[in-house]
Every structure is written in structure tokens, then in C-alpha cells.
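Asker: Sharing a structure here in C-alpha cells format.
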Amino acid sequence: MEHGSQPPEPVMTLAQVDEALLGMRTDQARITENLLELEGTAGYRFLHGGELHGRTRQRWLEASEDLARLWQLFDVYQRLVDAAEARRGTQRRLGSAELRDLTHLLRGPSIELPWDTGGLADRSLLDPRRGHVTPSEALEHMVERYGRATAVVTSADAAWKVLHPRLRTVEDLHEEAVARATELGDAPDDLTDLSSQVDQLRDTVRTDPLSLLRADAPTDRTDDVAAAVDTTALDALRERLIEVRDRLDAAVATRDNAATALHTVRTAAEDVRRAARDANEQLAGIRARIAASALEPIPETHTTLEPQLERLGWLHTNGRWEELDRLLRETHLHITSLAGAVESAASANRARLHRRDELRGRMDAYRVKAARLGRAEEPRVHSAQEHAEKLLWEAPCDLPAAAEAVEQYQRALNERA
């Protein structure tokens, strides 16, 4: 700063000197308290003692330089206050020379900046290597550097508080999944991939947490910084690890209960095969009475179930527990679906037989009605009756045609009415 052209400060009174010294001592105490409090924060300890990379390392280097220069300037500031107090002494009165000196110390450019103001290429021959500032300007320098350094420390602290619990959860889930895989004797490929991701995110969270902070995140409020932390990768990794751990837990349970599980699925398979055999026997009887075009085929069970059952046995013998668990669940679902399909087809076929019997019953009722009305021998009614009875009582019965014939008989009987 260039002060050569500035007019001299008005000489201070003794009362003004005492007031200024009291204010500077108060500022000195506050600066000391705030700097020590900053260095006591978890964020400062994390940055000061940790191995840093990337964006966090760059911002901490800048903050460290600000703090170093702040302390340097603060040391000069304290020495000036000490010198001014010594010059003031305890006298009740001071001469004009002493007051002018104190005015220069307290209001003039009496503090030499403890660092070069610029490189050699930036200075002319007559420029000073170091600048001079007033005590109030020195305070402004310190406030500015403190603000920048605090923003970095606050950001790192807020990011760490958000990221660390999530990282701990991810690490715990990973340990559980690895323990299950070790117990099973084999790590699935996706767990190997997740292990690599855990290592990468652990390194990022511990050495460069600010890289997970949105670039335009505000730094004046901790809550705002915390809200700007990107936890997407950690959250997604947590969900995938939960999925893998649960899958491996199921595989461990399957290993421990494999014999029982295989017996259960084989029994269920035999039950559905027996149901299919019974349904086919029923179908053979129904097919003699109802035309095949109206019947439902019974689903094949042997060709679909036998390969799965053989595969289950092989997986059990070879200790492929995760695959065994997955195939057991698939086979259970398949058997359930197959049993439903067999029962549905068998019920539909029984319903076709019941439908034929129902139509025969309706014909009996219509014949009684026709006789009561004296219309049984009318050519149209009689012809419709014979046609319907022929279709209903022939074997196998063409059920759709018979149903239509019964409807025609009913219409013929009701025409005159």
C-alpha cells in the first residue's frame, strides 16, 4: 500500500490513545481465542494431520497459507500493541512528541507486512520489498484470511460429518458380505467389484472429501454445506452391498438346511407330477365324452421339472450354495405355477363335462315345457329338439355346437309366445 501521498493523521489525544489501546487489546484477545478454537475443531485436525489429495489438498494448501500469514501478521500486531503500551507508559500526561509517535503507531502505516508484496519482476527499482499497513488495515487482512481459512475448515468438517457415518455403514456391510463369502468358500464376482468400489470411495472420503462437495456450495453455514454433499455413490453402494449380503445370508441358510430344502422341493415336484397324472387320467375319460377341441391339455411336468431337480442335486453335491439357493427359489416358483396350471386345466375340463350335463338337464326341462304347451310335435320345434339331442347325446360331444343347438331349440319353443 502506498501512503506517501496521504496527509498525516491528526494527532490523537491521550484519551483517544487509551481508548485505541483498550480496543486493540480486546481485538487481540478475540483473535487469539478464535484462532485457537479453529485449530481445535475436528475439521482442522482432519486437514492438518491427514494425507490429502485432489481438491481438498489444493484448498487446504491455500487455507494453510492464509493461516500462516495470519499468525505472522498477528505476531507483528501484538508486538506493535506492546510497543505502543510501553510508549504510553503510566503517565497522566504526555508531550506532543509522544502523542505524535503514538498516533503514528496506532493510526499510521506502522505495521510492515511480514511477507513480500510481490515477486522481483513485479517491482520497480524504487518499490519496497514489503508493504506497510495501519493497525486497522492489518485487522482487515487478518479477518479476510481467517474467513477464507474458516470456510475451508468448515466445509471439510461438514462434509466429513455427512460422509463418515455413511462410509462406516458401507464398510460394515462390506465386512459382513465378505465374512459370508468366506464362510461359503467363494466370493461372487459382484462382491469383488463392490470391494474395489469400497476401497475407492474410502480413499476419496478420507483424503479428498471436498471433491464430493458441489462446487458452488455455500460456505457460510454448516447446514448449507452439509446439504450440498453428494452422497449418491455411497448410498448406491450401500444398497448394492445390502442386496449382496442378504443374498449370501440366504445362501448360508440354504447350505445349513440343504437336505431339508431339497426334500421339500422334491416332494412338491412329485405332488405336482401326481396331480398331472390324475388330471390326464380324468382327461382320458372326459375326452371319450367331450370333443377334444373343447378341452384343455394338461401341462407337461416331467420335461420341465426333471432338469431342474438334477441341477439342484449337482449344486448340492458340489457346494454351490448361492446358485443352489437361487435355483431352489426358482424351482419353488415353477412348481407353484405348474401346480396352478395343472389344476386350472383339470378344472376347466371337468367344467366342460358339467356343462354338457347341464345342457342335457335344460333339454329335459324344455321337453317337458314343449309337451305342456302342446308344441312338441310342431315341425320346427321337433326338428330343433332332435338336432340338439343328437349333438348332446353323441360321444364325443361337440360342446359348442350342442350349446348353440340348445339355444336354437329354446328360441323355437318361445317363438309363438
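A note on labels: chains of the C-alpha cells are A, B, ... as shown, every chain counts residues from 1, and ligands are counted from 1 in their shown order.
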Could you build a table of the residues in stretch 140-209 of chain A lying no more than 9 Å from stretch 252-270 of chain A, giving for each the nearest pair of atoms and their separation in Å rounded to one decimal place, using only C-alpha atoms, ordered by chain and ascending residue number, as a Markdown table?
Answerer:
```
| residue | atom | partner | partner_atom | distance |
| --- | --- | --- | --- | --- |
| A:Arg180 | CA | A:Val252 | CA | 7.3 |
| A:Ala181 | CA | A:Val252 | CA | 8.9 |
| A:Glu183 | CA | A:Val252 | CA | 7.8 |
| A:Leu184 | CA | A:Val252 | CA | 6.8 |
```
Asker: So that I can check the surroundings of stretch 191-193 of chain A, please list as a ChimeraX atom specification every protein, DNA and RNA residue that reaches within 10 Å of it, counting only C-alpha atoms and ignoring chain neighbours fewer than 2 positions away.
Answerer: /A:174,177-178,181,187-189,195-198,240-241,244-245
Asker: Give me, as a PDB file with N, CA and C atoms, in the first residue's frame, all polymer residues having an atom no more than 12 Å from A:Glu386, counting only C-alpha atoms and skipping those fewer than 2 positions away in the same chain.
Answerer:
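Produced file out_29.pdb, reproduced below:
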```
ATOM      1  N   MET A 363     -82.376 -79.509 -21.664  1.00  0.00           N
ATOM      2  CA  MET A 363     -83.180 -80.145 -22.712  1.00  0.00           C
ATOM      3  C   MET A 363     -84.347 -80.922 -22.101  1.00  0.00           C
ATOM      4  N   ARG A 367     -88.229 -80.166 -22.973  1.00  0.00           N
ATOM      5  CA  ARG A 367     -89.150 -81.170 -23.500  1.00  0.00           C
ATOM      6  C   ARG A 367     -90.447 -81.197 -22.697  1.00  0.00           C
ATOM      7  N   ALA A 376     -94.806 -80.012 -28.841  1.00  0.00           N
ATOM      8  CA  ALA A 376     -93.691 -80.936 -29.061  1.00  0.00           C
ATOM      9  C   ALA A 376     -93.655 -81.484 -30.473  1.00  0.00           C
ATOM     10  N   GLU A 377     -94.833 -81.601 -31.119  1.00  0.00           N
ATOM     11  CA  GLU A 377     -94.857 -82.196 -32.450  1.00  0.00           C
ATOM     12  C   GLU A 377     -94.823 -81.162 -33.575  1.00  0.00           C
ATOM     13  N   GLU A 378     -94.743 -79.872 -33.200  1.00  0.00           N
ATOM     14  CA  GLU A 378     -94.627 -78.869 -34.268  1.00  0.00           C
ATOM     15  C   GLU A 378     -93.318 -79.107 -35.015  1.00  0.00           C
ATOM     16  N   PRO A 379     -93.339 -79.056 -36.349  1.00  0.00           N
ATOM     17  CA  PRO A 379     -92.148 -79.399 -37.146  1.00  0.00           C
ATOM     18  C   PRO A 379     -90.904 -78.616 -36.715  1.00  0.00           C
ATOM     19  N   ARG A 380     -91.015 -77.312 -36.553  1.00  0.00           N
ATOM     20  CA  ARG A 380     -89.807 -76.525 -36.223  1.00  0.00           C
ATOM     21  C   ARG A 380     -89.291 -76.887 -34.839  1.00  0.00           C
ATOM     22  N   VAL A 381     -90.224 -77.040 -33.878  1.00  0.00           N
ATOM     23  CA  VAL A 381     -89.803 -77.375 -32.513  1.00  0.00           C
ATOM     24  C   VAL A 381     -89.247 -78.793 -32.483  1.00  0.00           C
ATOM     25  N   HIS A 382     -89.948 -79.706 -33.144  1.00  0.00           N
ATOM     26  CA  HIS A 382     -89.499 -81.085 -33.137  1.00  0.00           C
ATOM     27  C   HIS A 382     -88.131 -81.246 -33.800  1.00  0.00           C
ATOM     28  N   SER A 383     -87.925 -80.547 -34.913  1.00  0.00           N
ATOM     29  CA  SER A 383     -86.639 -80.628 -35.616  1.00  0.00           C
ATOM     30  C   SER A 383     -85.504 -80.069 -34.748  1.00  0.00           C
ATOM     31  N   ALA A 384     -85.748 -78.929 -34.083  1.00  0.00           N
ATOM     32  CA  ALA A 384     -84.724 -78.336 -33.206  1.00  0.00           C
ATOM     33  C   ALA A 384     -84.403 -79.255 -32.048  1.00  0.00           C
ATOM     34  N   ALA A 388     -80.671 -80.942 -31.318  1.00  0.00           N
ATOM     35  CA  ALA A 388     -79.964 -80.697 -30.051  1.00  0.00           C
ATOM     36  C   ALA A 388     -79.680 -82.001 -29.336  1.00  0.00           C
ATOM     37  N   GLU A 389     -80.677 -82.907 -29.297  1.00  0.00           N
ATOM     38  CA  GLU A 389     -80.469 -84.174 -28.603  1.00  0.00           C
ATOM     39  C   GLU A 389     -79.397 -85.015 -29.289  1.00  0.00           C
ATOM     40  N   LYS A 390     -79.380 -84.978 -30.595  1.00  0.00           N
ATOM     41  CA  LYS A 390     -78.350 -85.734 -31.330  1.00  0.00           C
ATOM     42  C   LYS A 390     -76.951 -85.255 -30.935  1.00  0.00           C
ATOM     43  N   LEU A 391     -76.774 -83.939 -30.906  1.00  0.00           N
ATOM     44  CA  LEU A 391     -75.452 -83.402 -30.556  1.00  0.00           C
ATOM     45  C   LEU A 391     -75.106 -83.669 -29.093  1.00  0.00           C
ATOM     46  N   LEU A 392     -76.064 -83.559 -28.198  1.00  0.00           N
ATOM     47  CA  LEU A 392     -75.787 -83.713 -26.769  1.00  0.00           C
ATOM     48  C   LEU A 392     -75.532 -85.160 -26.370  1.00  0.00           C
ATOM     49  N   TRP A 393     -76.179 -86.092 -27.046  1.00  0.00           N
ATOM     50  CA  TRP A 393     -76.047 -87.480 -26.593  1.00  0.00           C
ATOM     51  C   TRP A 393     -75.070 -88.316 -27.438  1.00  0.00           C
ATOM     52  N   GLU A 394     -74.470 -87.677 -28.439  1.00  0.00           N
ATOM     53  CA  GLU A 394     -73.438 -88.423 -29.169  1.00  0.00           C
ATOM     54  C   GLU A 394     -72.112 -88.299 -28.436  1.00  0.00           C
ATOM     55  N   ALA A 402     -73.409 -78.173 -29.583  1.00  0.00           N
ATOM     56  CA  ALA A 402     -74.546 -78.620 -28.790  1.00  0.00           C
ATOM     57  C   ALA A 402     -75.172 -77.463 -28.024  1.00  0.00           C
ATOM     58  N   ALA A 405     -77.198 -75.502 -30.386  1.00  0.00           N
ATOM     59  CA  ALA A 405     -78.429 -76.212 -30.739  1.00  0.00           C
ATOM     60  C   ALA A 405     -79.475 -76.079 -29.637  1.00  0.00           C
ATOM     61  N   VAL A 406     -79.065 -76.169 -28.396  1.00  0.00           N
ATOM     62  CA  VAL A 406     -79.993 -75.997 -27.278  1.00  0.00           C
ATOM     63  C   VAL A 406     -80.586 -74.591 -27.298  1.00  0.00           C
ATOM     64  N   GLN A 408     -81.015 -72.738 -29.946  1.00  0.00           N
ATOM     65  CA  GLN A 408     -81.961 -72.687 -31.067  1.00  0.00           C
ATOM     66  C   GLN A 408     -83.291 -73.360 -30.680  1.00  0.00           C
ATOM     67  N   TYR A 409     -83.217 -74.490 -29.971  1.00  0.00           N
ATOM     68  CA  TYR A 409     -84.430 -75.188 -29.522  1.00  0.00           C
ATOM     69  C   TYR A 409     -85.242 -74.268 -28.600  1.00  0.00           C
TER      70      TYR A 409
END
```
Asker: Between A:Thr336, A:Gln200, A:Asn414, A:Thr13, which one has atoms that come closest to A:Arg100, using only C-alpha atoms?
Answerer: A:Thr13
Asker: Which residue is closest to A:Glu171? Choose from A:Leu102, A:Ala294, A:Ile242, A:Val152 and count only C-alpha atoms.
Answerer: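 Answer, going by the shortest atom-to-atom distance: A:Ile242.
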Asker: Run DSSP on the backbone of this structure and report the residues of stretch 202-262 of chain A it assigns to alpha helix (DSSP H), as a PyMOL selection string.
Answerer: chain A and resi 202-207+222-227+232-256+258-262
Asker: Could the residues in this selection be written to a file with C-alpha atoms, as a CSV table (one decimal), in the first residue's frame?
Answerer:
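The result, written out as part25.csv:
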```csv
chain,number,residue,atom,x,y,z
A,202,ARG,CA,-12.9,-44.9,1.3
A,203,ASP,CA,-9.9,-43.2,-0.2
A,204,THR,CA,-12.0,-40.3,-1.5
A,205,VAL,CA,-13.8,-39.7,1.7
A,206,ARG,CA,-10.7,-39.9,3.8
A,207,THR,CA,-8.3,-37.9,1.6
A,222,THR,CA,-22.6,-25.6,8.1
A,223,ASP,CA,-26.1,-26.8,7.3
A,224,ASP,CA,-25.9,-25.4,3.7
A,225,VAL,CA,-22.5,-27.2,3.2
A,226,ALA,CA,-23.9,-30.5,4.6
A,227,ALA,CA,-26.8,-30.3,2.2
A,232,THR,CA,-25.1,-40.6,-4.3
A,233,ALA,CA,-22.2,-43.1,-4.8
A,234,LEU,CA,-22.1,-44.1,-1.1
A,235,ASP,CA,-25.9,-44.5,-0.9
A,236,ALA,CA,-25.9,-46.6,-4.1
A,237,LEU,CA,-23.0,-48.7,-2.8
A,238,ARG,CA,-24.8,-49.3,0.5
A,239,GLU,CA,-27.9,-50.6,-1.3
A,240,ARG,CA,-25.9,-53.0,-3.5
A,241,LEU,CA,-24.0,-54.3,-0.5
A,242,ILE,CA,-27.2,-54.9,1.4
A,243,GLU,CA,-28.5,-56.9,-1.6
A,244,VAL,CA,-25.3,-59.0,-1.8
A,245,ARG,CA,-25.1,-59.5,1.9
A,246,ASP,CA,-28.7,-60.7,2.1
A,247,ARG,CA,-28.2,-62.9,-0.9
A,248,LEU,CA,-25.2,-64.5,0.8
A,249,ASP,CA,-27.1,-64.8,4.1
A,250,ALA,CA,-29.7,-66.8,2.2
A,251,ALA,CA,-27.0,-69.0,0.7
A,252,VAL,CA,-25.6,-69.7,4.1
A,253,ALA,CA,-29.1,-70.6,5.4
A,254,THR,CA,-29.6,-72.8,2.3
A,255,ARG,CA,-26.3,-74.6,3.0
A,256,ASP,CA,-27.3,-75.3,6.6
A,258,ALA,CA,-29.9,-78.0,2.1
A,259,ALA,CA,-31.1,-81.6,2.8
A,260,THR,CA,-34.4,-80.4,4.1
A,261,ALA,CA,-34.9,-77.9,1.3
A,262,LEU,CA,-34.1,-80.5,-1.4
```
Asker: Stretch 49-193 of chain A: which residues are strand (DSSP E or B) by DSSP, as a ChimeraX atom specification?
Answerer: /A:111-112,132-133
Asker: Atom CA of A:Ile298 and atom CA of A:Arg274, how far apart in Å?
Answerer: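 So the answer is 12.0 Å.
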Asker: Would you mind listing what lies within 12 Å of A:Ala97 as number ranges by chain, with only C-alpha atoms counted and same-chain residues fewer than 3 positions away left out?
Answerer: A: 11-13, 87-88, 93-94, 100-104
Asker: Write out, as an mmCIF file, in the first residue's frame, the residues just selected, with N, CA, C and O atoms.
Answerer:
```
data_model
loop_
_atom_site.group_PDB
_atom_site.id
_atom_site.type_symbol
_atom_site.label_atom_id
_atom_site.label_comp_id
_atom_site.auth_asym_id
_atom_site.auth_seq_id
_atom_site.Cartn_x
_atom_site.Cartn_y
_atom_site.Cartn_z
ATOM 1 N N VAL A 11 -3.177 14.420 15.275
ATOM 2 C CA VAL A 11 -2.571 13.901 16.499
ATOM 3 C C VAL A 11 -3.667 13.517 17.481
ATOM 4 O O VAL A 11 -4.610 14.275 17.718
ATOM 5 N N MET A 12 -3.543 12.315 18.060
ATOM 6 C CA MET A 12 -4.545 11.807 18.991
ATOM 7 C C MET A 12 -4.369 12.439 20.362
ATOM 8 O O MET A 12 -3.258 12.804 20.766
ATOM 9 N N THR A 13 -5.457 12.543 21.099
ATOM 10 C CA THR A 13 -5.382 12.964 22.497
ATOM 11 C C THR A 13 -5.017 11.748 23.331
ATOM 12 O O THR A 13 -5.074 10.607 22.870
ATOM 13 N N ARG A 87 5.217 2.718 25.117
ATOM 14 C CA ARG A 87 5.410 4.155 24.835
ATOM 15 C C ARG A 87 4.423 5.000 25.634
ATOM 16 O O ARG A 87 4.753 6.109 26.075
ATOM 17 N N ARG A 88 3.228 4.473 25.788
ATOM 18 C CA ARG A 88 2.217 5.208 26.567
ATOM 19 C C ARG A 88 2.614 5.285 28.023
ATOM 20 O O ARG A 88 2.497 6.338 28.670
ATOM 21 N N ARG A 93 0.123 12.542 31.814
ATOM 22 C CA ARG A 93 0.187 13.475 30.687
ATOM 23 C C ARG A 93 1.320 13.056 29.774
ATOM 24 O O ARG A 93 2.313 12.492 30.218
ATOM 25 N N LEU A 94 1.168 13.358 28.477
ATOM 26 C CA LEU A 94 2.214 13.075 27.503
ATOM 27 C C LEU A 94 2.462 14.323 26.669
ATOM 28 O O LEU A 94 1.545 15.109 26.391
ATOM 29 N N ARG A 100 2.442 12.298 18.990
ATOM 30 C CA ARG A 100 2.616 12.106 17.546
ATOM 31 C C ARG A 100 3.130 10.696 17.259
ATOM 32 O O ARG A 100 2.673 10.032 16.317
ATOM 33 N N ASP A 101 4.078 10.232 18.071
ATOM 34 C CA ASP A 101 4.595 8.874 17.868
ATOM 35 C C ASP A 101 3.496 7.825 18.064
ATOM 36 O O ASP A 101 3.376 6.868 17.284
ATOM 37 N N LEU A 102 2.696 8.004 19.098
ATOM 38 C CA LEU A 102 1.616 7.055 19.353
ATOM 39 C C LEU A 102 0.559 7.106 18.255
ATOM 40 O O LEU A 102 -0.012 6.084 17.867
ATOM 41 N N THR A 103 0.305 8.317 17.754
ATOM 42 C CA THR A 103 -0.660 8.451 16.655
ATOM 43 C C THR A 103 -0.169 7.683 15.437
ATOM 44 O O THR A 103 -0.933 6.990 14.768
ATOM 45 N N HIS A 104 1.124 7.790 15.163
ATOM 46 C CA HIS A 104 1.680 7.043 14.027
ATOM 47 C C HIS A 104 1.573 5.529 14.266
ATOM 48 O O HIS A 104 1.216 4.778 13.348
#
```
Asker: Select, from A:Leu73, A:Ile31, A:Val17, A:Ala292, the residue with the minimum atom-to-atom distance to A:Leu105, counting only C-alpha atoms.
Answerer: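 Answer, going by the shortest atom-to-atom distance: A:Val17.
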Asker: I'd like the interatomic distance between atom CA of A:Arg79 and atom CA of A:Leu106, to a tenth of an Å.
Answerer: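 According to the coordinates, atom CA of A:Arg79 and atom CA of A:Leu106 are separated by 12.1 Å.
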Asker: Measuring between only C-alpha atoms, which one of A:Glu322, A:Glu343, A:Glu85, A:Asp271 shows the shortest distance to A:Asp18?
Answerer: A:Glu85
Asker: Between A:Glu176, A:Asp325, A:Glu296, A:Glu33, single out the one closest to A:Ala341, counting only C-alpha atoms.
Answerer: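 Going through A:Glu176, A:Asp325, A:Glu296, A:Glu33 one by one, the smallest distance to A:Ala341 is for A:Glu296.
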Asker: Nearest to A:Ala138 among A:Asp27, A:Ala345, A:Glu62, A:Leu35, with distances taken over only C-alpha atoms: which residue is it?
Answerer: A:Asp27
Asker: So the first atom is atom CA of A:Thr26 and the second is atom CA of A:Glu140; what is the distance between them in Å, to one decimal place?
Answerer: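 Atom CA of A:Glu140 lies 15.4 Å from atom CA of A:Thr26.
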